[in-house]
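Below is coords.pdb, holding PDB, C-alpha atoms, pLDDT in the B column.
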```pdb
ATOM      1  CA  GLU A   1      23.761  52.569 -58.577  1.00 57.00           C
ATOM      2  CA  ALA A   2      22.675  49.188 -57.253  1.00 62.00           C
ATOM      3  CA  ASP A   3      25.197  46.366 -57.379  1.00 90.00           C
ATOM      4  CA  ILE A   4      23.390  43.156 -58.171  1.00 95.00           C
ATOM      5  CA  TYR A   5      24.805  40.648 -60.604  1.00 96.00           C
ATOM      6  CA  GLN A   6      23.431  37.674 -62.471  1.00 98.00           C
ATOM      7  CA  THR A   7      25.262  35.001 -64.414  1.00 97.00           C
ATOM      8  CA  PRO A   8      25.007  33.752 -67.011  1.00 97.00           C
ATOM      9  CA  ARG A   9      23.246  36.513 -68.945  1.00 96.00           C
ATOM     10  CA  TYR A  10      22.168  34.057 -71.648  1.00 97.00           C
ATOM     11  CA  LEU A  11      21.919  30.272 -71.495  1.00 97.00           C
ATOM     12  CA  VAL A  12      20.819  27.807 -74.146  1.00 97.00           C
ATOM     13  CA  ILE A  13      20.637  24.265 -72.885  1.00 96.00           C
ATOM     14  CA  GLY A  14      19.122  20.911 -73.747  1.00 96.00           C
ATOM     15  CA  THR A  15      16.180  19.236 -72.047  1.00 97.00           C
ATOM     16  CA  GLY A  16      16.996  17.288 -68.902  1.00 96.00           C
ATOM     17  CA  LYS A  17      20.100  19.244 -67.914  1.00 96.00           C
ATOM     18  CA  LYS A  18      20.580  20.596 -64.412  1.00 96.00           C
ATOM     19  CA  ILE A  19      21.212  24.339 -64.319  1.00 96.00           C
ATOM     20  CA  THR A  20      22.005  26.902 -61.660  1.00 97.00           C
ATOM     21  CA  LEU A  21      21.394  30.607 -62.210  1.00 97.00           C
ATOM     22  CA  GLU A  22      23.609  32.783 -60.047  1.00 98.00           C
ATOM     23  CA  CYS A  23      22.627  36.009 -58.305  1.00 98.00           C
ATOM     24  CA  SER A  24      24.867  38.094 -56.068  1.00 97.00           C
ATOM     25  CA  GLN A  25      24.532  41.510 -54.475  1.00 96.00           C
ATOM     26  CA  THR A  26      27.104  43.620 -52.666  1.00 92.00           C
ATOM     27  CA  MET A  27      24.706  45.989 -50.928  1.00 88.00           C
ATOM     28  CA  GLY A  28      24.299  43.963 -47.743  1.00 88.00           C
ATOM     29  CA  HIS A  29      20.584  43.552 -48.441  1.00 90.00           C
ATOM     30  CA  ASP A  30      18.798  40.952 -46.351  1.00 90.00           C
ATOM     31  CA  LYS A  31      15.860  40.265 -48.667  1.00 92.00           C
ATOM     32  CA  MET A  32      16.289  38.741 -52.117  1.00 95.00           C
ATOM     33  CA  TYR A  33      13.828  37.678 -54.802  1.00 96.00           C
ATOM     34  CA  TRP A  34      13.552  35.689 -58.015  1.00 97.00           C
ATOM     35  CA  TYR A  35      11.057  36.654 -60.705  1.00 97.00           C
ATOM     36  CA  GLN A  36      10.129  34.996 -63.975  1.00 96.00           C
ATOM     37  CA  GLN A  37       9.069  37.115 -66.934  1.00 96.00           C
ATOM     38  CA  ASP A  38       8.042  35.986 -70.408  1.00 93.00           C
ATOM     39  CA  PRO A  39       8.394  38.497 -73.295  1.00 87.00           C
ATOM     40  CA  GLY A  40       5.749  41.214 -73.105  1.00 84.00           C
ATOM     41  CA  MET A  41       4.267  39.722 -69.971  1.00 89.00           C
ATOM     42  CA  GLU A  42       4.223  40.682 -66.315  1.00 90.00           C
ATOM     43  CA  LEU A  43       6.743  39.781 -63.640  1.00 93.00           C
ATOM     44  CA  HIS A  44       5.865  36.766 -61.518  1.00 94.00           C
ATOM     45  CA  LEU A  45       7.500  36.198 -58.144  1.00 94.00           C
ATOM     46  CA  ILE A  46       8.718  32.601 -57.861  1.00 95.00           C
ATOM     47  CA  HIS A  47      10.960  32.632 -54.757  1.00 96.00           C
ATOM     48  CA  TYR A  48      12.117  34.990 -52.046  1.00 95.00           C
ATOM     49  CA  SER A  49      14.268  35.031 -48.969  1.00 95.00           C
ATOM     50  CA  TYR A  50      14.189  37.151 -45.822  1.00 91.00           C
ATOM     51  CA  GLY A  51      17.793  36.343 -44.988  1.00 92.00           C
ATOM     52  CA  VAL A  52      20.313  33.552 -44.531  1.00 95.00           C
ATOM     53  CA  ASN A  53      18.681  30.106 -44.315  1.00 95.00           C
ATOM     54  CA  SER A  54      15.265  31.569 -45.187  1.00 94.00           C
ATOM     55  CA  THR A  55      13.485  30.681 -48.436  1.00 96.00           C
ATOM     56  CA  GLU A  56       9.837  31.051 -49.407  1.00 94.00           C
ATOM     57  CA  LYS A  57       7.799  30.198 -52.483  1.00 93.00           C
ATOM     58  CA  GLY A  58       6.345  33.088 -54.407  1.00 90.00           C
ATOM     59  CA  ASP A  59       3.021  33.688 -56.109  1.00 84.00           C
ATOM     60  CA  LEU A  60       3.798  31.586 -59.168  1.00 86.00           C
ATOM     61  CA  SER A  61       4.445  27.895 -58.725  1.00 82.00           C
ATOM     62  CA  SER A  62       7.865  26.923 -60.018  1.00 86.00           C
ATOM     63  CA  GLU A  63       9.794  23.674 -60.330  1.00 90.00           C
ATOM     64  CA  SER A  64      12.974  25.530 -59.433  1.00 93.00           C
ATOM     65  CA  THR A  65      14.576  25.606 -55.990  1.00 95.00           C
ATOM     66  CA  VAL A  66      16.668  28.225 -54.226  1.00 97.00           C
ATOM     67  CA  SER A  67      19.132  28.408 -51.356  1.00 96.00           C
ATOM     68  CA  ARG A  68      20.455  31.218 -49.192  1.00 97.00           C
ATOM     69  CA  ILE A  69      23.619  30.185 -47.407  1.00 97.00           C
ATOM     70  CA  ARG A  70      25.255  33.599 -47.598  1.00 96.00           C
ATOM     71  CA  THR A  71      23.655  37.025 -47.424  1.00 94.00           C
ATOM     72  CA  GLU A  72      25.031  38.131 -50.758  1.00 96.00           C
ATOM     73  CA  HIS A  73      24.250  34.996 -52.756  1.00 97.00           C
ATOM     74  CA  PHE A  74      20.860  33.578 -53.843  1.00 98.00           C
ATOM     75  CA  PRO A  75      21.211  30.914 -56.553  1.00 98.00           C
ATOM     76  CA  LEU A  76      18.279  29.308 -58.367  1.00 97.00           C
ATOM     77  CA  THR A  77      18.474  25.683 -59.536  1.00 96.00           C
ATOM     78  CA  LEU A  78      16.472  23.658 -62.029  1.00 94.00           C
ATOM     79  CA  GLU A  79      17.180  19.954 -61.573  1.00 94.00           C
ATOM     80  CA  SER A  80      15.913  18.961 -65.008  1.00 95.00           C
ATOM     81  CA  ALA A  81      15.332  21.745 -67.503  1.00 95.00           C
ATOM     82  CA  ARG A  82      12.361  21.564 -69.875  1.00 95.00           C
ATOM     83  CA  PRO A  83      11.258  23.770 -72.791  1.00 96.00           C
ATOM     84  CA  SER A  84       8.466  25.146 -70.572  1.00 94.00           C
ATOM     85  CA  HIS A  85      11.215  26.710 -68.397  1.00 95.00           C
ATOM     86  CA  THR A  86      12.263  28.984 -71.254  1.00 96.00           C
ATOM     87  CA  SER A  87      11.907  32.517 -69.917  1.00 96.00           C
ATOM     88  CA  GLN A  88      13.770  35.449 -68.441  1.00 97.00           C
ATOM     89  CA  TYR A  89      14.729  35.107 -64.775  1.00 97.00           C
ATOM     90  CA  LEU A  90      15.290  38.307 -62.819  1.00 97.00           C
ATOM     91  CA  CYS A  91      16.873  38.539 -59.396  1.00 98.00           C
ATOM     92  CA  ALA A  92      16.219  41.469 -57.047  1.00 96.00           C
ATOM     93  CA  SER A  93      17.163  42.560 -53.557  1.00 94.00           C
ATOM     94  CA  THR A  94      16.046  45.051 -50.958  1.00 89.00           C
ATOM     95  CA  GLY A  95      16.703  45.928 -47.361  1.00 74.00           C
ATOM     96  CA  ARG A  96      18.492  48.255 -45.041  1.00 64.00           C
ATOM     97  CA  GLY A  97      21.915  47.553 -46.415  1.00 54.00           C
ATOM     98  CA  HIS A  98      24.857  49.754 -47.249  1.00 50.00           C
ATOM     99  CA  PHE A  99      23.138  51.872 -49.892  1.00 48.00           C
ATOM    100  CA  SER A 100      19.424  51.793 -49.230  1.00 48.00           C
ATOM    101  CA  SER A 101      17.007  52.420 -46.420  1.00 45.00           C
ATOM    102  CA  THR A 102      13.679  51.678 -48.084  1.00 57.00           C
ATOM    103  CA  ASP A 103      11.856  48.650 -49.441  1.00 72.00           C
ATOM    104  CA  THR A 104      12.767  49.559 -52.994  1.00 82.00           C
ATOM    105  CA  GLN A 105      13.757  46.519 -54.986  1.00 90.00           C
ATOM    106  CA  TYR A 106      16.864  46.654 -57.146  1.00 92.00           C
ATOM    107  CA  PHE A 107      17.061  44.249 -60.058  1.00 95.00           C
ATOM    108  CA  GLY A 108      19.911  42.403 -61.683  1.00 97.00           C
ATOM    109  CA  PRO A 109      20.212  42.361 -65.495  1.00 96.00           C
ATOM    110  CA  GLY A 110      18.476  38.997 -65.780  1.00 97.00           C
ATOM    111  CA  THR A 111      19.279  35.590 -67.257  1.00 97.00           C
ATOM    112  CA  ARG A 112      17.592  34.725 -70.513  1.00 97.00           C
ATOM    113  CA  LEU A 113      17.128  30.935 -70.492  1.00 97.00           C
ATOM    114  CA  THR A 114      16.259  28.869 -73.544  1.00 97.00           C
ATOM    115  CA  VAL A 115      15.675  25.137 -73.146  1.00 97.00           C
ATOM    116  CA  LEU A 116      15.691  23.177 -76.378  1.00 96.00           C
TER     117      LEU A 116
ATOM    118  CA  ARG B   1      -9.979  41.246 -59.153  1.00 75.00           C
ATOM    119  CA  LYS B   2      -6.259  41.538 -59.864  1.00 83.00           C
ATOM    120  CA  GLU B   3      -4.099  43.063 -57.143  1.00 90.00           C
ATOM    121  CA  VAL B   4      -2.693  45.723 -59.470  1.00 94.00           C
ATOM    122  CA  GLU B   5      -4.348  46.726 -62.744  1.00 95.00           C
ATOM    123  CA  GLN B   6      -3.026  48.921 -65.500  1.00 95.00           C
ATOM    124  CA  ASP B   7      -4.070  49.806 -69.028  1.00 93.00           C
ATOM    125  CA  PRO B   8      -1.481  47.993 -71.183  1.00 92.00           C
ATOM    126  CA  GLY B   9      -1.572  50.665 -73.913  1.00 91.00           C
ATOM    127  CA  PRO B  10       0.362  51.366 -76.009  1.00 95.00           C
ATOM    128  CA  PHE B  11       0.085  55.090 -75.550  1.00 96.00           C
ATOM    129  CA  ASN B  12       1.426  56.736 -78.705  1.00 97.00           C
ATOM    130  CA  VAL B  13       2.327  60.393 -78.147  1.00 97.00           C
ATOM    131  CA  PRO B  14       4.446  62.961 -79.992  1.00 97.00           C
ATOM    132  CA  GLU B  15       7.527  64.487 -78.428  1.00 98.00           C
ATOM    133  CA  GLY B  16       6.649  67.300 -76.056  1.00 97.00           C
ATOM    134  CA  ALA B  17       3.246  65.893 -75.164  1.00 97.00           C
ATOM    135  CA  THR B  18       1.957  65.357 -71.653  1.00 98.00           C
ATOM    136  CA  VAL B  19       0.767  61.850 -70.886  1.00 97.00           C
ATOM    137  CA  ALA B  20      -0.812  60.306 -67.806  1.00 96.00           C
ATOM    138  CA  PHE B  21      -1.125  56.709 -66.676  1.00 94.00           C
ATOM    139  CA  ASN B  22      -3.385  55.351 -63.978  1.00 94.00           C
ATOM    140  CA  CYS B  23      -3.203  52.197 -61.955  1.00 96.00           C
ATOM    141  CA  THR B  24      -5.651  50.693 -59.479  1.00 97.00           C
ATOM    142  CA  TYR B  25      -4.869  48.391 -56.569  1.00 96.00           C
ATOM    143  CA  SER B  26      -7.201  46.077 -54.719  1.00 94.00           C
ATOM    144  CA  ASN B  27      -5.956  46.009 -51.123  1.00 91.00           C
ATOM    145  CA  SER B  28      -6.831  49.141 -49.171  1.00 90.00           C
ATOM    146  CA  ALA B  29      -4.197  48.219 -46.570  1.00 88.00           C
ATOM    147  CA  SER B  30      -1.326  48.652 -49.035  1.00 89.00           C
ATOM    148  CA  GLN B  31       1.314  51.082 -47.793  1.00 87.00           C
ATOM    149  CA  SER B  32       4.097  51.310 -50.361  1.00 89.00           C
ATOM    150  CA  PHE B  33       3.679  52.402 -53.956  1.00 93.00           C
ATOM    151  CA  PHE B  34       6.173  52.779 -56.756  1.00 94.00           C
ATOM    152  CA  TRP B  35       6.523  53.393 -60.456  1.00 96.00           C
ATOM    153  CA  TYR B  36       9.199  51.354 -62.211  1.00 96.00           C
ATOM    154  CA  ARG B  37      10.341  51.721 -65.775  1.00 97.00           C
ATOM    155  CA  GLN B  38      11.278  48.740 -67.935  1.00 97.00           C
ATOM    156  CA  ASP B  39      12.961  49.086 -71.308  1.00 96.00           C
ATOM    157  CA  CYS B  40      12.534  46.337 -73.881  1.00 92.00           C
ATOM    158  CA  ARG B  41      14.382  43.164 -72.806  1.00 89.00           C
ATOM    159  CA  LYS B  42      15.929  44.941 -69.799  1.00 93.00           C
ATOM    160  CA  GLU B  43      15.392  44.756 -66.057  1.00 95.00           C
ATOM    161  CA  PRO B  44      12.901  47.045 -64.267  1.00 96.00           C
ATOM    162  CA  LYS B  45      14.383  50.148 -62.682  1.00 94.00           C
ATOM    163  CA  LEU B  46      12.838  52.331 -60.042  1.00 93.00           C
ATOM    164  CA  LEU B  47      11.447  55.543 -61.507  1.00 95.00           C
ATOM    165  CA  MET B  48       9.985  56.975 -58.327  1.00 93.00           C
ATOM    166  CA  SER B  49       8.249  56.122 -55.097  1.00 91.00           C
ATOM    167  CA  VAL B  50       4.733  57.477 -54.636  1.00 93.00           C
ATOM    168  CA  TYR B  51       3.973  59.384 -51.459  1.00 89.00           C
ATOM    169  CA  SER B  52       0.590  60.190 -49.951  1.00 88.00           C
ATOM    170  CA  SER B  53       0.974  63.907 -50.594  1.00 89.00           C
ATOM    171  CA  GLY B  54       2.079  63.378 -54.185  1.00 89.00           C
ATOM    172  CA  ASN B  55       5.604  63.974 -55.391  1.00 93.00           C
ATOM    173  CA  GLU B  56       7.467  65.333 -58.357  1.00 94.00           C
ATOM    174  CA  ASP B  57      10.805  64.497 -59.898  1.00 94.00           C
ATOM    175  CA  GLY B  58      11.615  66.751 -62.814  1.00 96.00           C
ATOM    176  CA  ARG B  59       9.102  66.047 -65.577  1.00 97.00           C
ATOM    177  CA  PHE B  60       7.474  63.215 -63.625  1.00 98.00           C
ATOM    178  CA  THR B  61       4.672  63.624 -61.090  1.00 97.00           C
ATOM    179  CA  ALA B  62       3.148  60.800 -59.083  1.00 97.00           C
ATOM    180  CA  GLN B  63      -0.117  60.964 -57.181  1.00 96.00           C
ATOM    181  CA  LEU B  64      -1.821  58.598 -54.780  1.00 96.00           C
ATOM    182  CA  ASN B  65      -5.561  58.519 -54.135  1.00 94.00           C
ATOM    183  CA  ARG B  66      -6.168  56.192 -51.224  1.00 93.00           C
ATOM    184  CA  ALA B  67      -9.938  56.683 -51.182  1.00 93.00           C
ATOM    185  CA  SER B  68     -10.261  55.450 -54.759  1.00 94.00           C
ATOM    186  CA  GLN B  69      -7.230  53.143 -54.545  1.00 95.00           C
ATOM    187  CA  TYR B  70      -5.437  54.439 -57.568  1.00 93.00           C
ATOM    188  CA  ILE B  71      -2.019  55.782 -58.407  1.00 96.00           C
ATOM    189  CA  SER B  72      -1.149  58.029 -61.299  1.00 97.00           C
ATOM    190  CA  LEU B  73       1.980  59.024 -63.172  1.00 98.00           C
ATOM    191  CA  LEU B  74       2.149  62.204 -65.230  1.00 98.00           C
ATOM    192  CA  ILE B  75       4.965  62.780 -67.698  1.00 98.00           C
ATOM    193  CA  ARG B  76       5.361  66.293 -69.062  1.00 98.00           C
ATOM    194  CA  ASP B  77       7.289  67.315 -72.158  1.00 98.00           C
ATOM    195  CA  SER B  78       7.743  63.711 -73.337  1.00 98.00           C
ATOM    196  CA  LYS B  79      11.127  62.748 -74.783  1.00 98.00           C
ATOM    197  CA  LEU B  80      11.922  59.959 -77.209  1.00 98.00           C
ATOM    198  CA  SER B  81      13.905  58.359 -74.399  1.00 97.00           C
ATOM    199  CA  ASP B  82      10.739  58.077 -72.297  1.00 98.00           C
ATOM    200  CA  SER B  83       9.565  55.243 -74.571  1.00 98.00           C
ATOM    201  CA  ALA B  84       9.345  52.230 -72.262  1.00 97.00           C
ATOM    202  CA  THR B  85       6.900  50.178 -70.231  1.00 97.00           C
ATOM    203  CA  TYR B  86       5.868  51.757 -66.937  1.00 98.00           C
ATOM    204  CA  LEU B  87       5.104  49.332 -64.124  1.00 97.00           C
ATOM    205  CA  CYS B  88       2.827  50.184 -61.231  1.00 96.00           C
ATOM    206  CA  VAL B  89       4.040  48.438 -58.077  1.00 94.00           C
ATOM    207  CA  VAL B  90       2.348  47.967 -54.703  1.00 93.00           C
ATOM    208  CA  ASN B  91       3.510  46.149 -51.593  1.00 88.00           C
ATOM    209  CA  LYS B  92       1.794  42.852 -50.857  1.00 83.00           C
ATOM    210  CA  VAL B  93       0.124  43.317 -47.486  1.00 79.00           C
ATOM    211  CA  GLY B  94       1.493  40.966 -44.848  1.00 80.00           C
ATOM    212  CA  TYR B  95       4.535  39.983 -46.897  1.00 78.00           C
ATOM    213  CA  SER B  96       7.875  41.591 -47.657  1.00 79.00           C
ATOM    214  CA  THR B  97       7.155  41.358 -51.352  1.00 87.00           C
ATOM    215  CA  LEU B  98       5.913  43.625 -54.104  1.00 90.00           C
ATOM    216  CA  THR B  99       3.179  43.043 -56.658  1.00 91.00           C
ATOM    217  CA  PHE B 100       3.906  44.355 -60.136  1.00 93.00           C
ATOM    218  CA  GLY B 101       1.264  45.411 -62.617  1.00 94.00           C
ATOM    219  CA  LYS B 102       1.491  44.226 -66.226  1.00 93.00           C
ATOM    220  CA  GLY B 103       2.744  47.635 -67.251  1.00 95.00           C
ATOM    221  CA  THR B 104       1.680  50.416 -69.596  1.00 96.00           C
ATOM    222  CA  MET B 105       3.665  50.829 -72.776  1.00 97.00           C
ATOM    223  CA  LEU B 106       4.566  54.342 -73.863  1.00 98.00           C
ATOM    224  CA  LEU B 107       5.813  55.137 -77.355  1.00 97.00           C
ATOM    225  CA  VAL B 108       7.040  58.676 -77.968  1.00 98.00           C
ATOM    226  CA  SER B 109       7.482  59.585 -81.620  1.00 97.00           C
ATOM    227  CA  PRO B 110       9.365  62.479 -83.258  1.00 95.00           C
TER     228      PRO B 110
END
```

Hey, can you dump this file as structure tokens for me?
Amino acid sequence: EADIYQTPRYLVIGTGKKITLECSQTMGHDKMYWYQQDPGMELHLIHYSYGVNSTEKGDLSSESTVSRIRTEHFPLTLESARPSHTSQYLCASTGRGHFSSTDTQYFGPGTRLTVL
Amino acid sequence: RKEVEQDPGPFNVPEGATVAFNCTYSNSASQSFFWYRQDCRKEPKLLMSVYSSGNEDGRFTAQLNRASQYISLLIRDSKLSDSATYLCVVNKVGYSTLTFGKGTMLLVSP
């Protein structure tokens, strides 16, 4: 079973607040990803990282930012939350770590964000 | 043309039925193919990788047709617990990322 964690699982916050969504994995994976998914809709890649100090923008433009200072940690930050940011945010990882040898992506449980 | 296309369904089938989903992809250079399963309001989970020669995992069979650029998933003897959305996934050529289809919803009824 993949070990990838996201906190918080649910977050309701007011407009204008700064928020950080946490994602950690203990598999030693080098590549990590953030996706955004609205209910009943497809996954959209918003950020990814090849490894420490590497970050790239994904297919869907996002006002969020990410950092990768440690291999196991890939937080996503919104400087000023807006109602349009309401969505589910899913973190994933892959790579030749402790428990995998393919490019299969393993997902965390997601953070369901609601901005009022 | 979208990179990965799937029929959104829903496919409504009775328990015990056999059901098949297809998916087409646009980039002939794609090398990695997967089927993921996503339950309502949950994260996607890998169901199976798809290999060139086709592969089977219990009641599930995946096939790849490179000439026609489509992937299929066959589920035999459907169970109620198979009800979910099935995502067709293809690697994005030139990047270490995956492209997910919108998914096909399956509803298995008693």

Considering all atoms listed in the file, return as a ChimeraX atom specification whatever protein or nucleic-acid residues lie within 9 Å of stretch 16-30 of chain B, sequence-local ones (same chain, fewer than 5 positions apart) excluded. /B:1-7,11,66-79,86,88,90-93,101,104,106,108

Proximal residues of chain A relative to chain B (all atoms listed in the file; 8 Å) as a PyMOL selection string: chain A and resi 39+41-44+50+90+104-110

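Atom pair atom CA of A:Arg82 / atom CA of A:Lys57: separated by 19.9 Å.
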
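Residues within 6 Å of stretch 12-25 of chain A, counting all atoms listed in the file and excluding same-chain residues fewer than 5 positions away, are Asp3, Ile4, Tyr5, Gln6, Thr7, Glu72, His73, Phe74, Pro75, Leu76, Thr77, Leu78, Glu79, Ser80, Ala81, Arg82, Thr114, Val115 and Leu116 of chain A.
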
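When the PyMOL selection byres ((chain A and resi 66) around 9) is evaluated on the file shown here, the picked residues come out as Trp34, His47, Tyr48, Ser49, Thr55, Glu56, Ser64, Thr65, Ser67, Arg68, Phe74, Pro75, Leu76 and Thr77 of chain A.
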
What is the atom CA of B:Ser53 to atom CA of A:Asp103 distance in Å? 18.8 Å

Have a look at A:Lys31, A:Ala92, A:Gly40, A:Leu45 and name the one nearest to A:Arg70; count all atoms listed in the file. A:Lys31

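Between atom CA of A:Val52 and atom CA of A:Tyr10 the interatomic distance comes to 27.2 Å.
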
Could you name the residues that touch A:Ile46 at 7 Å or less, counting all atoms listed in the file, but leaving out those on the same chain fewer than 2 positions away, as a compact mmCIF listing (two decimals) with C-alpha atoms, in the coordinates of the input?
```txt
# COMPACT_ATOMS: atom_id res chain seq x y z
CA TRP A 34 13.55 35.69 -58.02
CA TYR A 35 11.06 36.65 -60.70
CA GLN A 36 10.13 35.00 -63.98
CA HIS A 44 5.86 36.77 -61.52
CA LYS A 57 7.80 30.20 -52.48
CA GLY A 58 6.34 33.09 -54.41
CA ASP A 59 3.02 33.69 -56.11
CA LEU A 60 3.80 31.59 -59.17
CA SER A 61 4.44 27.90 -58.72
CA SER A 62 7.86 26.92 -60.02
```
